[in-house]
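Below: the structure, in structure tokens.
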Amino acid sequence: MRSFSRRHTGPWLLLLLLICAGAVAAAPSERARILASHPHDPDAFTQGLLVADGLLYESTGGYGDSSLRRVAPASGEVLQTRSLSRDHFGEGLARVGARLYQLTWKAGVAFVYDRDSLARIDRLTYDGQGWGLTYDGTHLIMSDGSATLQLRDPDDFRRVGALEVTEDGQPVDELNELEYIDGEIWANVWYRDRILRIDPRTGDVIASLDATPLRAALPADAEAGVLNGIAYDASAGRIYATGKNWPRLFEIARPTAGRADPGATLSAE
């Protein structure tokens, strides 16, 4: 066997160290663990989801079928509905205090509602498409199907910053429905049973959840679409997930891998 001379070991050792460093830096992934399963309206084309005061608020999409709903999480009963006009396709949903913000897909319009009555109280505009929306306590965070998350001022919806999301150094596009959970941005990825956990300071994917166990737990005859919908009940410590036209809403366990700074927020430009 021919051995390498001493002068060749340096570069090979460096390469080995770089490979090992890259392997360590890869974002960990774990399978989602189901804690409970609840009924969910299979006719709901879920676009946005959140929990406030123990109730579920849901934005549904589809031209002629879009709505804002108040739902009982345990039973799936729709308690109140506010329909959108036929020319508006409902998208992401976020809460800021007593106000609910609902995006539309291509109309460049965000509707603002009173949370208690679901009465529409304002109409805001933006450029481009609207996909997902969440709130970090200071800014609204919005996705548009790209790898860039936008920060917006809740008062006038003005764009005040942006964050590019990367995994292993590569941009991750088709970011969809969003939720802010304990200092992390959670994001569905369009057409994938995968939830990303994003560090809001850097845009790095720090960990991910494999959501295939959720799909596997759906009834065999379910005409279920893509995974889409994450809601966090901070007061009860519950995390919910569902999908477009899914007949079930799942409560999932808090993951153990990775952790962002609980106090981290995005910085405005």
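How things are named: the first chain in the structure tokens is A, the next is B, and so on; residues count from 1 in each chain; ligands count from 1 in the order shown.
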Using only C-alpha atoms, which residues sit within 8 Å of Pro73 of chain A once same-chain residues fewer than 3 positions away are excluded, as a ChimeraX atom specification?
-> /A:38-39,54-56,76-77,249
Residues just named, written with N, CA, C and O atoms as a CSV table (one decimal), in the first residue's frame:
```
chain,number,residue,atom,x,y,z
A,38,HIS,N,-58.0,16.5,16.9
A,38,HIS,CA,-59.4,17.1,17.0
A,38,HIS,C,-60.0,17.3,15.6
A,38,HIS,O,-59.3,17.3,14.6
A,39,PRO,N,-61.4,17.3,15.6
A,39,PRO,CA,-62.0,17.5,14.3
A,39,PRO,C,-61.7,18.8,13.7
A,39,PRO,O,-61.4,19.8,14.4
A,54,GLY,N,-57.8,30.9,23.9
A,54,GLY,CA,-58.4,29.5,23.9
A,54,GLY,C,-59.2,29.2,22.6
A,54,GLY,O,-59.6,28.1,22.5
A,55,LEU,N,-59.4,30.2,21.8
A,55,LEU,CA,-60.2,29.9,20.5
A,55,LEU,C,-59.2,30.0,19.3
A,55,LEU,O,-58.2,30.7,19.3
A,56,LEU,N,-59.6,29.2,18.3
A,56,LEU,CA,-58.9,29.2,17.1
A,56,LEU,C,-59.4,30.2,16.1
A,56,LEU,O,-60.6,30.3,15.9
A,76,GLY,N,-63.9,21.5,16.7
A,76,GLY,CA,-63.9,21.9,15.3
A,76,GLY,C,-65.1,22.7,14.9
A,76,GLY,O,-65.2,23.1,13.8
A,77,GLU,N,-66.0,23.1,15.9
A,77,GLU,CA,-67.2,23.8,15.5
A,77,GLU,C,-66.9,25.2,15.1
A,77,GLU,O,-66.1,25.9,15.8
A,249,LEU,N,-57.2,18.4,13.2
A,249,LEU,CA,-56.3,19.4,13.7
A,249,LEU,C,-55.5,18.7,14.8
A,249,LEU,O,-56.1,18.1,15.7
```
Please report as a tab-separated table every residue of segment 120-163 of chain A lying within 8 Å of segment 173-180 of chain A, along with the nearest atom pair and their distance in Å (one decimal), using only C-alpha atoms.
```
residue	atom	partner	partner_atom	distance
A:Trp131	CA	A:Asn176	CA	5.6
A:Gly132	CA	A:Glu177	CA	4.1
A:Leu133	CA	A:Leu178	CA	5.6
A:Thr134	CA	A:Glu179	CA	5.3
A:Tyr135	CA	A:Tyr180	CA	6.5
A:Asp136	CA	A:Tyr180	CA	6.0
A:Met142	CA	A:Leu178	CA	7.8
A:Ser143	CA	A:Asn176	CA	6.1
A:Asp144	CA	A:Asn176	CA	7.3
A:Gly145	CA	A:Glu174	CA	4.2
A:Ser146	CA	A:Asp173	CA	4.4
A:Ala147	CA	A:Asp173	CA	3.9
A:Thr148	CA	A:Asp173	CA	7.6
```
Mind dumping the selected residues with N, CA and C atoms as an mmCIF file, in the first residue's frame?
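Result saved to again09.cif:
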```cif
data_model
loop_
_atom_site.group_PDB
_atom_site.id
_atom_site.type_symbol
_atom_site.label_atom_id
_atom_site.label_comp_id
_atom_site.auth_asym_id
_atom_site.auth_seq_id
_atom_site.Cartn_x
_atom_site.Cartn_y
_atom_site.Cartn_z
ATOM 1 N N TRP A 131 -48.694 35.586 1.475
ATOM 2 C CA TRP A 131 -48.775 34.154 1.794
ATOM 3 C C TRP A 131 -49.023 33.981 3.290
ATOM 4 N N GLY A 132 -47.962 34.034 4.115
ATOM 5 C CA GLY A 132 -48.123 33.819 5.549
ATOM 6 C C GLY A 132 -47.899 35.085 6.343
ATOM 7 N N LEU A 133 -48.384 35.072 7.600
ATOM 8 C CA LEU A 133 -48.264 36.262 8.440
ATOM 9 C C LEU A 133 -48.229 35.839 9.908
ATOM 10 N N THR A 134 -47.350 36.496 10.682
ATOM 11 C CA THR A 134 -47.312 36.304 12.126
ATOM 12 C C THR A 134 -46.816 37.588 12.775
ATOM 13 N N TYR A 135 -46.744 37.597 14.113
ATOM 14 C CA TYR A 135 -46.378 38.797 14.860
ATOM 15 C C TYR A 135 -45.390 38.422 15.956
ATOM 16 N N ASP A 136 -44.278 39.165 16.048
ATOM 17 C CA ASP A 136 -43.240 38.841 17.032
ATOM 18 C C ASP A 136 -43.290 39.721 18.274
ATOM 19 N N MET A 142 -44.079 38.704 7.352
ATOM 20 C CA MET A 142 -44.888 38.284 6.208
ATOM 21 C C MET A 142 -44.053 37.483 5.213
ATOM 22 N N SER A 143 -44.634 36.419 4.680
ATOM 23 C CA SER A 143 -43.996 35.664 3.600
ATOM 24 C C SER A 143 -44.740 35.924 2.304
ATOM 25 N N ASP A 144 -44.008 35.758 1.183
ATOM 26 C CA ASP A 144 -44.631 35.977 -0.127
ATOM 27 C C ASP A 144 -44.317 34.843 -1.096
ATOM 28 N N GLY A 145 -43.887 33.701 -0.567
ATOM 29 C CA GLY A 145 -43.548 32.564 -1.412
ATOM 30 C C GLY A 145 -42.084 32.491 -1.791
ATOM 31 N N SER A 146 -41.311 33.476 -1.382
ATOM 32 C CA SER A 146 -39.878 33.493 -1.666
ATOM 33 C C SER A 146 -39.117 33.046 -0.419
ATOM 34 N N ALA A 147 -37.794 33.233 -0.433
ATOM 35 C CA ALA A 147 -36.973 32.936 0.734
ATOM 36 C C ALA A 147 -36.841 34.147 1.658
ATOM 37 N N THR A 148 -37.474 35.257 1.299
ATOM 38 C CA THR A 148 -37.347 36.495 2.072
ATOM 39 C C THR A 148 -38.600 36.760 2.886
#
```
Find the residue from A:Ala224, A:Ala27, A:Leu209, A:Leu100 that sits nearest to Ala253 of chain A; use only C-alpha atoms when measuring.
-> A:Leu209
Report the distance between atom CA of Pro171 of chain A and atom CA of Asn245 of chain A in Å, rounded to one decimal place.
-> 28.8 Å
Name all residues at most 8 Å from Leu79 of chain A (count only C-alpha atoms; drop same-chain ones fewer than 5 positions away) and give them as number ranges by chain.
-> A: 69-72
Keeping only all heavy atoms, write the selected residues to a file as a PDB file, in the first residue's frame.
```pdb
ATOM      1  N   ARG A  69     -62.584  32.895  10.244  1.00  0.00           N
ATOM      2  CA  ARG A  69     -63.431  32.093  11.119  1.00  0.00           C
ATOM      3  C   ARG A  69     -62.933  32.105  12.560  1.00  0.00           C
ATOM      4  O   ARG A  69     -61.734  32.176  12.797  1.00  0.00           O
ATOM      5  CB  ARG A  69     -63.450  30.625  10.662  1.00  0.00           C
ATOM      6  CG  ARG A  69     -63.913  30.402   9.247  1.00  0.00           C
ATOM      7  CD  ARG A  69     -63.752  28.937   8.876  1.00  0.00           C
ATOM      8  NE  ARG A  69     -64.386  28.618   7.601  1.00  0.00           N
ATOM      9  CZ  ARG A  69     -64.673  27.386   7.205  1.00  0.00           C
ATOM     10  NH1 ARG A  69     -64.369  26.356   7.986  1.00  0.00           N
ATOM     11  NH2 ARG A  69     -65.269  27.182   6.048  1.00  0.00           N
ATOM     12  N   ARG A  70     -63.897  31.984  13.467  1.00  0.00           N
ATOM     13  CA  ARG A  70     -63.597  31.696  14.860  1.00  0.00           C
ATOM     14  C   ARG A  70     -64.072  30.275  15.117  1.00  0.00           C
ATOM     15  O   ARG A  70     -65.213  29.921  14.816  1.00  0.00           O
ATOM     16  CB  ARG A  70     -64.294  32.681  15.789  1.00  0.00           C
ATOM     17  CG  ARG A  70     -63.983  32.449  17.258  1.00  0.00           C
ATOM     18  CD  ARG A  70     -64.779  33.367  18.166  1.00  0.00           C
ATOM     19  NE  ARG A  70     -64.298  34.731  18.126  1.00  0.00           N
ATOM     20  CZ  ARG A  70     -65.017  35.758  17.697  1.00  0.00           C
ATOM     21  NH1 ARG A  70     -66.241  35.579  17.248  1.00  0.00           N
ATOM     22  NH2 ARG A  70     -64.516  36.976  17.699  1.00  0.00           N
ATOM     23  N   VAL A  71     -63.176  29.429  15.654  1.00  0.00           N
ATOM     24  CA  VAL A  71     -63.443  27.996  15.763  1.00  0.00           C
ATOM     25  C   VAL A  71     -63.134  27.500  17.172  1.00  0.00           C
ATOM     26  O   VAL A  71     -62.176  27.958  17.803  1.00  0.00           O
ATOM     27  CB  VAL A  71     -62.577  27.216  14.743  1.00  0.00           C
ATOM     28  CG1 VAL A  71     -62.826  25.721  14.832  1.00  0.00           C
ATOM     29  CG2 VAL A  71     -62.830  27.717  13.326  1.00  0.00           C
ATOM     30  N   ALA A  72     -63.920  26.551  17.652  1.00  0.00           N
ATOM     31  CA  ALA A  72     -63.626  25.867  18.908  1.00  0.00           C
ATOM     32  C   ALA A  72     -62.612  24.769  18.618  1.00  0.00           C
ATOM     33  O   ALA A  72     -62.912  23.841  17.864  1.00  0.00           O
ATOM     34  CB  ALA A  72     -64.902  25.275  19.498  1.00  0.00           C
TER      35      ALA A  72
END
```
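Taking segment 128-225 of chain A and asking which residues DSSP calls alpha helix (DSSP H) on the backbone, you get Thr212, Pro213, Leu214, Arg215 and Ala216 of chain A.
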Which one of A:Leu196, A:Asn228, A:Thr202, A:Ala220 sits closest to Ser29 of chain A if you count only C-alpha atoms?
-> A:Leu196
Shell around Arg194 of chain A at 12 Å using only C-alpha atoms, local window under 2 positions removed, as a PyMOL selection string | chain A and resi 29-32+174-177+186-192+196-197+207-215+226-230+241-243
Where does DSSP see strand (DSSP E) in segment 45-229 of chain A, if you list the residues as a VMD selection string?
-> chain A and resid 46 to 52 55 to 60 67 to 71 78 to 83 90 to 96 99 to 104 109 to 114 120 to 125 133 to 135 140 to 142 148 to 152 159 to 164 166 to 167 170 to 171 175 to 181 184 to 189 194 to 198 205 to 210 227 to 229
One decimal place gives the atom CA of Leu84 of chain A-atom CA of Gly128 of chain A separation as 19.4 Å
